[in-house]
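**Q** File name upload-v2.txt; file contents compact mmCIF, C-alpha atoms; full text below.
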```txt
# COMPACT_ATOMS: atom_id res chain seq x y z
CA MET A 168 0.00 0.00 0.00
CA VAL A 169 1.59 3.21 -1.14
CA GLY A 170 0.13 6.66 -0.78
CA SER A 171 1.19 9.99 -2.17
CA ALA A 172 2.54 11.19 1.14
CA ASN A 173 5.54 12.84 -0.45
CA ASP A 174 4.89 16.18 1.26
CA ILE A 175 4.20 14.85 4.77
CA GLY A 176 7.10 15.80 6.96
CA TYR A 177 7.87 18.87 4.87
CA LEU A 178 6.25 21.00 7.53
CA SER A 179 9.26 20.75 9.78
CA SER A 180 10.89 23.48 7.69
CA PRO A 181 8.26 24.67 5.19
CA THR A 182 9.92 28.02 4.69
CA ARG A 183 13.28 29.49 5.35
CA ASN A 184 14.53 32.91 6.26
CA ILE A 185 13.70 35.40 3.56
CA SER A 186 17.35 36.28 3.12
CA THR A 187 18.07 32.78 1.82
CA PHE A 188 15.86 33.38 -1.21
CA GLY A 189 18.37 35.87 -2.58
CA TYR A 190 16.58 39.16 -2.35
CA LYS A 191 16.95 42.17 -0.10
CA LEU A 192 14.08 44.42 0.87
CA GLU A 193 14.36 48.02 1.92
CA GLN A 194 12.02 49.27 4.60
CA GLN A 195 9.56 51.87 3.42
CA PRO A 196 8.86 54.84 5.72
CA ILE A 197 5.40 54.52 7.16
CA MET A 198 3.64 57.77 8.24
CA LYS A 199 0.30 58.36 9.85
CA PRO A 200 -2.12 61.05 8.57
CA PRO A 201 -2.44 62.75 12.00
CA ASP A 202 1.35 63.24 12.08
CA ILE A 203 1.23 64.95 8.72
CA TRP A 204 -1.68 67.18 9.64
CA ASP A 205 -0.08 68.19 12.95
CA ALA A 206 3.20 69.08 11.31
CA TYR A 207 1.72 71.20 8.56
CA SER A 208 -1.20 73.60 8.57
CA LEU A 209 -1.96 73.63 4.89
CA PRO A 210 -4.95 74.43 2.68
CA GLY A 211 -7.26 71.64 1.66
CA ASN A 212 -5.70 71.02 -1.75
CA GLN A 213 -2.19 70.63 -0.33
CA SER A 214 -3.40 68.37 2.48
CA ALA A 215 -5.13 66.24 -0.14
CA LEU A 216 -1.81 66.04 -2.01
CA LEU A 217 -0.04 64.82 1.13
CA MET A 218 -2.78 62.27 1.70
CA ALA A 219 -2.25 60.96 -1.82
CA GLN A 220 1.47 60.71 -1.13
CA PHE A 221 0.72 58.74 2.04
CA ASN A 222 -1.52 56.34 0.13
CA THR A 223 1.28 55.91 -2.41
CA VAL A 224 3.68 54.91 0.37
CA VAL A 225 1.17 52.46 1.82
CA ASN A 226 0.46 50.97 -1.60
CA ALA A 227 4.19 50.66 -2.19
CA THR A 228 4.47 48.69 1.03
CA MET A 229 1.64 46.38 -0.07
CA ILE A 230 3.21 45.91 -3.49
CA SER A 231 6.49 45.00 -1.80
CA SER A 232 4.78 42.13 0.04
CA GLU A 233 3.37 40.84 -3.23
CA GLU A 234 6.80 41.10 -4.75
CA VAL A 235 8.15 39.03 -1.88
CA ILE A 236 5.69 36.24 -2.65
CA LYS A 237 6.54 36.42 -6.35
CA GLN A 238 10.24 36.18 -5.56
CA MET A 239 9.62 33.22 -3.28
CA ASN A 240 7.61 31.48 -6.01
CA ALA A 241 10.37 32.19 -8.53
CA SER A 242 13.04 30.84 -6.20
CA GLN A 243 11.01 27.72 -5.43
CA PHE A 244 10.30 27.23 -9.13
CA HIS A 245 14.03 27.33 -9.82
CA ILE A 246 14.57 24.60 -7.22
CA LEU A 247 11.72 22.53 -8.64
CA LEU A 248 12.70 22.96 -12.29
CA PRO A 249 14.24 19.44 -12.65
CA SER A 250 11.10 18.04 -11.04
CA LEU A 251 8.98 19.95 -13.55
CA VAL A 252 10.95 18.47 -16.45
CA LEU A 253 10.48 14.98 -14.99
CA VAL A 254 6.73 15.42 -14.55
CA CYS A 255 6.28 16.85 -18.07
CA VAL A 256 8.20 13.96 -19.66
CA LEU A 257 6.14 11.43 -17.69
CA LEU A 258 2.94 13.19 -18.75
CA VAL A 259 3.90 13.02 -22.42
CA LEU A 260 4.88 9.35 -22.19
CA GLY A 261 2.32 8.13 -19.69
CA ILE A 262 -1.00 9.21 -21.16
CA PRO A 263 -0.60 7.79 -24.70
CA GLY A 264 1.40 4.79 -23.50
CA ASN A 265 -1.11 3.64 -20.91
CA LEU A 266 -4.03 4.40 -23.22
CA ILE A 267 -2.50 2.16 -25.89
CA ALA A 268 -1.86 -0.55 -23.27
CA VAL A 269 -5.50 -0.46 -22.14
CA LEU A 270 -6.81 -0.67 -25.72
CA VAL A 271 -4.44 -3.48 -26.72
CA TYR A 272 -5.17 -5.68 -23.71
CA ALA A 273 -8.90 -4.98 -23.94
CA MET A 274 -9.37 -5.42 -27.69
CA LYS A 275 -6.37 -7.02 -29.40
CA MET A 276 -5.06 -9.72 -27.07
CA LYS A 277 -6.34 -13.04 -25.80
CA ARG A 278 -8.06 -12.95 -22.43
CA SER A 279 -5.92 -14.28 -19.59
CA THR A 280 -5.48 -13.77 -15.87
CA ALA A 281 -2.24 -11.85 -16.38
CA GLY A 282 -3.95 -9.77 -19.07
CA TYR A 283 -6.72 -8.66 -16.71
CA PHE A 284 -4.21 -7.71 -14.04
CA ILE A 285 -2.05 -5.77 -16.50
CA MET A 286 -5.10 -4.00 -17.94
CA THR A 287 -6.17 -2.91 -14.43
CA LEU A 288 -2.63 -1.72 -13.75
CA ALA A 289 -2.63 0.29 -17.00
CA ILE A 290 -5.98 1.91 -16.13
CA SER A 291 -4.73 2.99 -12.70
CA ASP A 292 -1.54 4.39 -14.25
CA LEU A 293 -3.57 6.24 -16.87
CA ILE A 294 -5.80 7.85 -14.21
CA ASN A 295 -2.70 8.81 -12.25
CA CYS A 296 -1.21 10.48 -15.31
CA VAL A 297 -4.41 12.35 -16.18
CA VAL A 298 -5.22 13.57 -12.65
CA SER A 299 -2.06 13.76 -10.56
CA LEU A 300 0.58 14.96 -13.02
CA PRO A 301 -1.24 18.10 -14.27
CA VAL A 302 -1.98 19.17 -10.70
CA GLU A 303 1.67 18.60 -9.80
CA ILE A 304 2.71 20.85 -12.69
CA ALA A 305 0.33 23.60 -11.51
CA LEU A 306 1.64 23.26 -7.95
CA ILE A 307 5.27 23.59 -9.08
CA ALA A 308 4.43 26.68 -11.15
CA ASP A 309 2.86 28.54 -8.16
CA PHE A 310 4.06 26.67 -5.14
CA TRP A 311 3.47 29.33 -2.46
CA THR A 312 0.19 30.68 -3.88
CA PHE A 313 -1.58 27.39 -4.60
CA ASP A 314 -4.78 27.91 -2.61
CA TYR A 315 -7.15 25.30 -4.06
CA PRO A 316 -8.02 22.98 -1.15
CA LEU A 317 -10.59 20.83 -2.97
CA LEU A 318 -8.30 20.28 -5.95
CA CYS A 319 -5.45 19.50 -3.57
CA LYS A 320 -7.52 16.94 -1.66
CA PHE A 321 -8.81 15.33 -4.86
CA SER A 322 -5.42 15.04 -6.55
CA ARG A 323 -3.67 13.64 -3.47
CA TYR A 324 -6.50 11.19 -2.86
CA MET A 325 -6.50 9.96 -6.45
CA SER A 326 -2.72 9.66 -6.45
CA ALA A 327 -2.80 7.59 -3.26
CA ALA A 328 -5.70 5.43 -4.51
CA MET A 329 -4.05 4.69 -7.86
CA ASN A 330 -0.66 4.00 -6.27
CA ASN A 331 -2.35 1.62 -3.84
CA THR A 332 -4.13 -0.06 -6.74
CA SER A 333 -0.82 -0.56 -8.53
CA SER A 334 0.86 -2.02 -5.45
CA PHE A 335 -2.06 -4.39 -4.74
CA ILE A 336 -2.21 -5.48 -8.39
CA LEU A 337 1.52 -6.20 -8.43
CA ALA A 338 1.14 -8.26 -5.26
CA ALA A 339 -1.74 -10.21 -6.87
CA ILE A 340 0.37 -10.80 -9.98
CA ALA A 341 3.20 -12.12 -7.81
CA VAL A 342 0.79 -14.53 -6.09
CA GLU A 343 -0.55 -15.70 -9.47
CA ARG A 344 2.98 -16.24 -10.82
CA PHE A 345 3.96 -18.08 -7.64
CA ARG A 346 0.99 -20.45 -7.93
CA SER A 347 1.63 -21.04 -11.62
CA ILE A 348 5.36 -21.79 -11.34
CA CYS A 349 5.99 -23.01 -7.80
CA LEU A 350 2.66 -24.84 -7.32
CA PRO A 351 1.88 -26.15 -10.82
CA LEU A 352 -0.48 -28.89 -9.57
CA ARG A 353 -2.81 -26.42 -7.89
CA PRO A 354 -5.86 -25.22 -9.87
CA LYS A 355 -5.07 -22.20 -11.97
CA CYS A 356 -6.79 -18.87 -11.47
CA SER A 357 -9.69 -18.55 -13.90
CA ASN A 358 -10.56 -15.40 -15.81
CA LEU A 359 -13.65 -14.91 -13.66
CA ARG A 360 -11.60 -15.04 -10.48
CA ALA A 361 -9.12 -12.60 -12.00
CA LYS A 362 -11.94 -10.14 -12.73
CA VAL A 363 -13.30 -10.46 -9.20
CA ALA A 364 -9.82 -10.03 -7.75
CA CYS A 365 -9.27 -6.84 -9.77
CA ALA A 366 -12.60 -5.41 -8.59
CA VAL A 367 -11.84 -6.22 -4.95
CA ILE A 368 -8.35 -4.75 -5.26
CA VAL A 369 -9.66 -1.48 -6.69
CA LEU A 370 -12.28 -1.23 -3.92
CA CYS A 371 -9.68 -1.86 -1.19
CA ALA A 372 -7.30 0.68 -2.74
CA ILE A 373 -10.01 3.34 -2.88
CA CYS A 374 -10.94 2.77 0.75
CA SER A 375 -7.32 2.71 1.95
CA ALA A 376 -6.70 6.16 0.46
CA ILE A 377 -9.56 7.91 2.31
CA PRO A 378 -7.25 9.27 5.07
CA MET A 379 -5.58 11.44 2.42
CA ILE A 380 -8.79 13.47 2.05
CA ILE A 381 -8.60 14.43 5.72
CA CYS A 382 -4.86 15.02 5.77
CA TYR A 383 -4.33 17.16 2.68
CA GLY A 384 -5.58 20.64 1.87
CA THR A 385 -4.36 24.23 2.01
CA PHE A 386 -1.43 24.81 4.32
CA THR A 387 -1.00 28.43 5.43
CA HIS A 388 2.30 29.78 6.66
CA ASN A 389 2.72 33.29 8.04
CA GLN A 390 6.15 34.64 7.15
CA THR A 391 7.54 37.79 8.73
CA VAL A 392 9.87 39.62 6.37
CA ASN A 393 13.19 40.78 7.81
CA ASP A 394 13.74 44.58 7.90
CA LEU A 395 10.13 45.16 6.90
CA ASN A 396 7.28 45.38 9.34
CA ILE A 397 4.92 43.17 7.34
CA THR A 398 3.76 39.58 7.52
CA ILE A 399 2.89 37.67 4.36
CA GLN A 400 0.70 34.60 4.04
CA LEU A 401 1.97 31.66 2.00
CA LYS A 402 -0.52 29.02 0.89
CA THR A 403 0.28 25.71 -0.77
CA CYS A 404 -0.95 22.12 -1.12
CA LEU A 405 0.36 20.36 1.96
CA VAL A 406 -1.06 19.06 5.20
CA ASP A 407 -4.33 20.86 5.92
CA ASP A 408 -4.33 23.64 8.51
CA ALA A 409 -7.01 21.78 10.50
CA VAL A 410 -4.71 18.83 11.26
CA VAL A 411 -1.23 20.31 10.97
CA ASN A 412 -0.77 20.68 14.74
CA THR A 413 -2.15 17.23 15.56
CA GLY A 414 -0.63 13.77 15.49
CA TYR A 415 -2.58 12.89 12.33
CA PRO A 416 0.23 13.67 9.82
CA LEU A 417 2.62 11.37 11.70
CA PHE A 418 -0.04 8.65 11.72
CA ILE A 419 -0.53 8.98 7.95
CA LEU A 420 3.21 8.83 7.39
CA ILE A 421 3.58 5.64 9.44
CA TYR A 422 0.44 4.19 7.84
CA PHE A 423 1.72 4.45 4.28
CA PHE A 424 5.34 3.73 5.22
CA VAL A 425 4.41 0.41 6.86
CA GLY A 426 2.01 -0.45 4.03
CA HIS A 427 4.68 0.09 1.41
CA LEU A 428 7.25 -1.99 3.27
CA THR A 429 4.70 -4.79 3.66
CA VAL A 430 4.06 -4.93 -0.09
CA PHE A 431 7.79 -4.69 -0.72
CA MET A 432 8.46 -7.76 1.45
CA ILE A 433 5.62 -9.74 -0.14
CA LEU A 434 6.98 -9.08 -3.63
CA GLY A 435 10.53 -9.86 -2.54
CA VAL A 436 9.65 -13.20 -0.95
CA LEU A 437 7.38 -14.40 -3.77
CA TYR A 438 9.70 -13.44 -6.61
CA SER A 439 12.67 -14.93 -4.78
CA CYS A 440 10.84 -18.27 -4.66
CA ILE A 441 9.87 -17.91 -8.33
CA ALA A 442 13.45 -17.12 -9.36
CA TYR A 443 14.77 -20.09 -7.40
CA ARG A 444 12.27 -22.42 -9.07
CA LEU A 445 13.02 -21.10 -12.55
CA ILE A 446 16.78 -21.40 -12.06
CA LYS A 447 16.45 -24.97 -10.78
CA GLY A 448 14.17 -25.78 -13.70
CA ILE A 449 16.74 -24.54 -16.21
CA GLU A 450 19.51 -26.57 -14.56
CA PHE A 451 17.30 -29.65 -14.60
CA SER A 452 16.52 -29.20 -18.29
CA ASP A 453 20.20 -28.80 -19.15
CA ASN A 454 21.25 -31.98 -17.31
CA LYS A 455 18.51 -34.34 -18.52
CA ASN A 456 17.29 -35.63 -21.85
CA GLY A 457 14.17 -34.42 -23.55
CA LEU A 458 12.10 -37.36 -22.23
CA LEU A 459 12.78 -36.33 -18.63
CA GLN A 460 11.91 -32.68 -19.04
CA ARG A 461 8.79 -31.23 -17.49
CA GLN A 462 5.56 -31.94 -19.33
CA GLY A 463 3.98 -28.98 -21.09
CA SER A 464 7.29 -27.73 -22.47
CA ALA A 465 7.38 -27.61 -26.24
CA TYR A 466 11.16 -27.94 -26.13
CA SER A 467 11.07 -31.41 -24.54
CA MET A 468 8.51 -32.80 -26.99
CA THR A 469 10.38 -31.38 -29.96
CA SER A 470 13.75 -32.78 -28.90
CA TYR A 471 12.30 -36.22 -28.35
CA THR A 472 10.36 -36.30 -31.63
CA ALA A 473 13.28 -35.04 -33.66
CA HIS A 474 15.61 -37.67 -32.16
CA PHE A 475 13.14 -40.48 -32.82
CA THR A 476 12.32 -39.55 -36.39
CA THR A 477 15.94 -38.96 -37.34
CA LYS A 478 16.94 -42.41 -36.11
CA THR A 479 13.95 -44.17 -37.74
CA THR A 480 14.43 -42.42 -41.06
CA ARG A 481 18.02 -43.63 -41.30
CA GLN A 482 16.96 -47.23 -40.62
CA LEU A 483 14.15 -47.08 -43.16
CA SER A 484 16.39 -45.57 -45.77
CA LEU A 485 18.72 -48.57 -45.49
CA GLU A 486 15.87 -51.11 -45.56
CA SER A 487 14.09 -49.44 -48.45
CA ASP A 488 16.96 -50.34 -50.76
CA ALA A 489 16.19 -54.04 -50.31
CA GLY A 490 12.53 -53.77 -51.29
CA ASN A 491 9.42 -51.72 -51.47
CA SER A 492 7.48 -53.48 -48.70
CA LEU A 493 8.23 -50.75 -46.23
CA ARG A 494 7.05 -47.86 -48.46
CA PRO A 495 3.81 -47.20 -46.51
CA LYS A 496 5.78 -47.19 -43.24
CA CYS A 497 8.32 -44.93 -44.82
CA GLN A 498 5.57 -42.57 -45.92
CA LEU A 499 4.19 -42.57 -42.38
CA VAL A 500 7.57 -41.73 -40.92
CA ARG A 501 8.07 -38.93 -43.43
CA THR A 502 4.75 -37.45 -42.40
CA GLN A 503 5.81 -37.68 -38.77
CA SER A 504 9.12 -36.05 -39.62
CA THR A 505 7.31 -33.23 -41.39
CA ASN A 506 5.17 -32.62 -38.32
CA SER A 507 8.26 -32.62 -36.14
CA ASN A 508 9.91 -30.04 -38.35
CA PHE A 509 6.77 -27.94 -38.13
CA GLU A 510 6.84 -28.21 -34.35
CA MET A 511 10.48 -27.20 -34.31
CA ASN A 512 9.77 -24.18 -36.49
CA MET A 513 6.87 -23.14 -34.26
CA THR A 514 9.05 -23.60 -31.21
CA ARG A 515 11.82 -21.48 -32.65
CA ARG A 516 9.33 -18.84 -33.72
CA HIS A 517 7.24 -18.56 -30.55
CA GLY A 518 9.67 -19.86 -27.94
CA GLY A 519 7.54 -22.60 -26.46
CA GLN A 520 5.17 -22.49 -23.52
CA ALA A 521 7.88 -22.73 -20.87
CA PHE A 522 9.93 -20.00 -22.52
CA ARG A 523 6.91 -17.71 -22.81
CA THR A 524 6.07 -18.33 -19.16
CA ARG A 525 9.58 -17.39 -18.08
CA ARG A 526 9.56 -14.30 -20.27
CA LEU A 527 6.17 -13.15 -18.96
CA THR A 528 7.34 -13.71 -15.39
CA CYS A 529 10.51 -11.71 -16.03
CA MET A 530 8.46 -8.87 -17.51
CA LEU A 531 6.12 -8.73 -14.52
CA PHE A 532 9.07 -8.96 -12.14
CA LEU A 533 10.66 -5.99 -13.90
CA VAL A 534 7.43 -3.99 -13.57
CA ALA A 535 7.32 -4.74 -9.84
CA SER A 536 11.02 -3.91 -9.47
CA VAL A 537 10.64 -0.53 -11.17
CA PHE A 538 7.67 0.23 -8.94
CA GLU A 539 9.58 -0.58 -5.77
CA ILE A 540 12.86 1.03 -6.82
CA SER A 541 11.08 4.26 -7.71
CA PHE A 542 9.83 4.53 -4.12
CA ILE A 543 13.18 3.85 -2.44
CA PRO A 544 14.45 7.47 -2.79
CA TYR A 545 11.18 8.73 -1.31
CA LEU A 546 11.48 6.40 1.69
CA VAL A 547 15.10 7.42 2.26
CA ILE A 548 14.30 11.13 2.05
CA VAL A 549 11.34 10.82 4.40
CA SER A 550 13.46 8.93 6.92
CA ILE A 551 16.21 11.56 6.79
CA ARG A 552 13.69 14.39 7.01
CA ASN A 553 12.00 12.83 10.00
CA HIS A 554 15.27 12.55 11.96
CA HIS A 555 16.83 15.81 10.69
CA PRO A 556 14.11 18.43 10.08
CA ASP A 557 16.63 21.11 9.03
CA TYR A 558 18.38 18.88 6.51
CA PHE A 559 16.76 20.47 3.45
CA SER A 560 17.52 24.06 4.49
CA GLN A 561 21.20 23.19 4.97
CA LEU A 562 21.63 21.86 1.45
CA PRO A 563 23.15 23.96 -1.37
CA LEU A 564 21.01 24.90 -4.36
CA PHE A 565 21.98 21.84 -6.41
CA GLY A 566 21.35 19.59 -3.40
CA GLN A 567 17.88 21.06 -2.98
CA MET A 568 17.13 20.38 -6.66
CA VAL A 569 18.23 16.76 -6.32
CA TYR A 570 16.27 16.44 -3.08
CA GLN A 571 13.01 17.63 -4.68
CA PHE A 572 13.64 15.60 -7.85
CA PHE A 573 13.98 12.28 -6.04
CA LEU A 574 11.10 13.17 -3.73
CA ARG A 575 8.89 12.92 -6.85
CA PHE A 576 10.84 10.13 -8.51
CA TYR A 577 8.13 7.60 -7.62
CA LEU A 578 5.93 9.15 -10.32
CA ILE A 579 7.88 7.28 -13.01
CA ASN A 580 6.06 4.04 -12.21
CA CYS A 581 2.86 5.39 -13.81
CA ALA A 582 4.54 6.00 -17.19
CA VAL A 583 7.27 3.41 -17.84
CA ASN A 584 5.21 0.20 -17.77
CA PRO A 585 4.08 0.39 -21.44
CA ILE A 586 7.75 0.68 -22.44
CA ILE A 587 8.49 -2.51 -20.51
CA TYR A 588 5.56 -4.27 -22.20
CA CYS A 589 6.93 -3.35 -25.64
CA PHE A 590 10.38 -4.70 -24.90
CA TYR A 591 9.38 -7.94 -23.18
CA ASN A 592 6.06 -8.96 -24.72
CA GLN A 593 6.02 -9.88 -28.40
CA ASN A 594 2.26 -10.38 -28.33
CA PHE A 595 1.85 -6.84 -27.01
CA ARG A 596 3.92 -5.47 -29.88
CA HIS A 597 1.79 -7.41 -32.37
CA GLY A 598 -1.33 -6.10 -30.62
CA VAL A 599 -0.07 -2.52 -30.96
CA LYS A 600 0.50 -3.07 -34.68
CA ARG A 601 -2.98 -4.51 -35.10
CA LEU A 602 -4.46 -1.61 -33.16
CA PHE A 603 -2.82 1.03 -35.32
CA ARG A 604 -3.65 -0.96 -38.44
CA SER A 605 -7.31 -1.05 -37.47
CA ILE A 606 -7.26 2.69 -36.68
CA ARG A 607 -5.69 3.38 -40.07
CA ASP A 608 -8.26 1.22 -41.86
CA THR A 609 -11.07 2.98 -40.00
CA LEU A 610 -9.75 6.41 -40.98
CA GLN A 611 -9.30 5.37 -44.58
CA GLY A 612 -12.82 3.95 -44.64
CA SER A 613 -14.30 7.13 -43.23
CA ASP A 614 -12.40 9.27 -45.79
CA SER A 615 -13.64 7.16 -48.68
```
Could you quickly redo this structure as structure tokens?

**A**
Amino acid sequence: MVGSANDIGYLSSPTRNISTFGYKLEQQPIMKPPDIWDAYSLPGNQSALLMAQFNTVVNATMISSEEVIKQMNASQFHILLPSLVLVCVLLVLGIPGNLIAVLVYAMKMKRSTAGYFIMTLAISDLINCVVSLPVEIALIADFWTFDYPLLCKFSRYMSAAMNNTSSFILAAIAVERFRSICLPLRPKCSNLRAKVACAVIVLCAICSAIPMIICYGTFTHNQTVNDLNITIQLKTCLVDDAVVNTGYPLFILIYFFVGHLTVFMILGVLYSCIAYRLIKGIEFSDNKNGLLQRQGSAYSMTSYTAHFTTKTTRQLSLESDAGNSLRPKCQLVRTQSTNSNFEMNMTRRHGGQAFRTRRLTCMLFLVASVFEISFIPYLVIVSIRNHHPDYFSQLPLFGQMVYQFFLRFYLINCAVNPIIYCFYNQNFRHGVKRLFRSIRDTLQGSDS
């Protein structure tokens, strides 16, 4: 279970001294109208002129506070610029990639348990890209003036819900792979059970993200400017003002931290068992003949059939010189040899069932690994920030950029999965070609 709690813990040092932002403010002289009127006994038109001058000074002071906020936004934007580039790249890759993945697995590929899980994963990634990434871009652009509490709550909730869906789906895929490879005699998961499992997973993920609605909202920080007798209000999308001084943010942090580590351990244990079984299976296949290989492998059947037909054909070729009585048997063997060659060609072309199973398992393991690895920097940063609240403010400018970049590095898991599918799944590549071919034919038909 993984939530978008990337900003929890940031409150320990939400702002720094104004001088660290690189600008210097000069104090404006502030006068009171009674002081002016007591010092000068002037006609009405001149007193009105002095009053206008006083209003100009006051307005200048107000403009200076707005300029402070603009400068703080500009400075924060400079720090978050690498993060902005990352989010924009993920937005460009994630939306079309996940949309293609959903269409291919829904329309152009054979129904399977792994297919339903992958399609659910692609839908959650697509929603994450459509909802969370644009809001993150808007937040980076105006970090200290982002005062949209409902949008903040909605985006953080959807991000947490979709991340939880992805983590639960990856755990379910690991269980399905474990049952298929390590417990081959157990009944396989049917397509109906896969659909029910996906629905239950989505429901659990949606419910587990509800605490984010309470936790997130508009965070207000009152900043007193040095050498200027004004206080400015900074508003951004962080922990809501209603719960910022309670123990709720710490509870949310522990809640998602423990949930993520739990899923991480489940994936690690299951895929370790799967890897051990696959490695032992490869060693067993290398040390034994084709007859002793595991049933269901196209490689074992092909090696046995090819060995048998080659030996029989040589014997029949020697006996056929003595007479023609064995011609029907020879014809039968030739037919068998032709079928064996066909099987060998199909095996070379498609890899065999065992090979495809290993390749699919490796692809799903890579998806899970990318998901977990992308969250490791976030977990490290949160741990450091929790023990050293002033760590961020002590970093140089480049260090702050790297800090913020890796704090959002977990967002890559919602955009890179379609790339992994293309590299590891030949059927997915063929499905993409068929999808674009059908789109092209539809457009050509509509034009004609």

**Q** Considering only C-alpha atoms, return as number ranges by chain whatever protein or nucleic-acid residues lie within 6 Å of segment 304-321 of chain A, sequence-local ones (same chain, fewer than 5 positions apart) excluded.

**A** A: 240, 380, 383-385, 401-404

**Q** So what do you get for atom CA of Gln571 of chain A versus atom CA of Pro249 of chain A, distance-wise?

**A** 8.3 Å

**Q** Please produce, as JSON lines, a per-residue contact table for segment 339-453 of chain A versus segment 552-568 of chain A (criterion: any atom at most 12 Å away, all atoms listed in the file considered), showing the nearest atom pair and its distance in Å to one decimal, sorted by chain then residue number.

**A**
```
{"residue": "A:Pro416", "atom": "CA", "partner": "A:Asn553", "partner_atom": "CA", "distance": 11.8}
{"residue": "A:Leu417", "atom": "CA", "partner": "A:Asn553", "partner_atom": "CA", "distance": 9.6}
{"residue": "A:Leu420", "atom": "CA", "partner": "A:Asn553", "partner_atom": "CA", "distance": 10.0}
{"residue": "A:Ile421", "atom": "CA", "partner": "A:Asn553", "partner_atom": "CA", "distance": 11.1}
```

**Q** Please, could you write that set of residues out with C-alpha atoms as a compact mmCIF listing (two decimals), keeping the file's coordinate frame?

**A**
```
# COMPACT_ATOMS: atom_id res chain seq x y z
CA PRO A 416 0.23 13.67 9.82
CA LEU A 417 2.62 11.37 11.70
CA LEU A 420 3.21 8.83 7.39
CA ILE A 421 3.58 5.64 9.44
```

**Q** Out of A:Met325, A:Cys581, A:Met274, A:Val252, which residue has the shortest atom-to-atom distance to Val302 of chain A when counting all atoms listed in the file?

**A**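 Smallest separation from Val302 of chain A among the options: A:Met325.
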
**Q** Using only C-alpha atoms, which protein or nucleic acid residues come within 7 Å of Leu257 of chain A? Drop anything in the same chain fewer than 4 positions from it, and give the result as a list in words.

**A**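 Result of the neighbour search: Leu253, Gly261, Ile579 and Ala582 of chain A.
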
**Q** Nearest to Ile294 of chain A among A:Ala328, A:Ile340, A:Ala273, A:Leu247, with distances taken over all atoms listed in the file: which residue is it?

**A** A:Ala328

**Q** What's the separation between atom CA of Ala376 of chain A and atom CA of Asn331 of chain A, in Å to one decimal place?

**A**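 That distance, rounded to one decimal, is 7.6 Å.
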
**Q** Which residue, A:Leu527, A:Arg344, A:Leu437, A:Glu539, has the smallest gap to Cys589 of chain A when you use only C-alpha atoms?

**A** A:Leu527

**Q** Give me, please, the distance in Å between atom CA of Ala361 of chain A and atom CA of Met276 of chain A, quoted to one decimal.

**A**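 The value is 15.9 Å.
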
**Q** Between A:Ile586, A:Ala289, A:Val599, A:Leu578, single out the one closest to Leu251 of chain A, counting all atoms listed in the file.

**A**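 Using all atoms listed in the file, the shortest distance to Leu251 of chain A belongs to A:Leu578.
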
**Q** Let me make sure I understand: among A:Pro544, A:Gly414, A:Pro354, A:Pro263, which one has the smallest atom-to-atom distance to Arg575 of chain A if we use all atoms listed in the file?

**A**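 Of the candidates, the smallest distance to Arg575 of chain A is held by A:Pro544.
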
**Q** Between A:Cys296, A:Ala327, A:Ile399, A:Val436, which has the minimum distance to Ile419 of chain A (counting all atoms listed in the file)?

**A**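 Closest to Ile419 of chain A of all the choices is A:Ala327.
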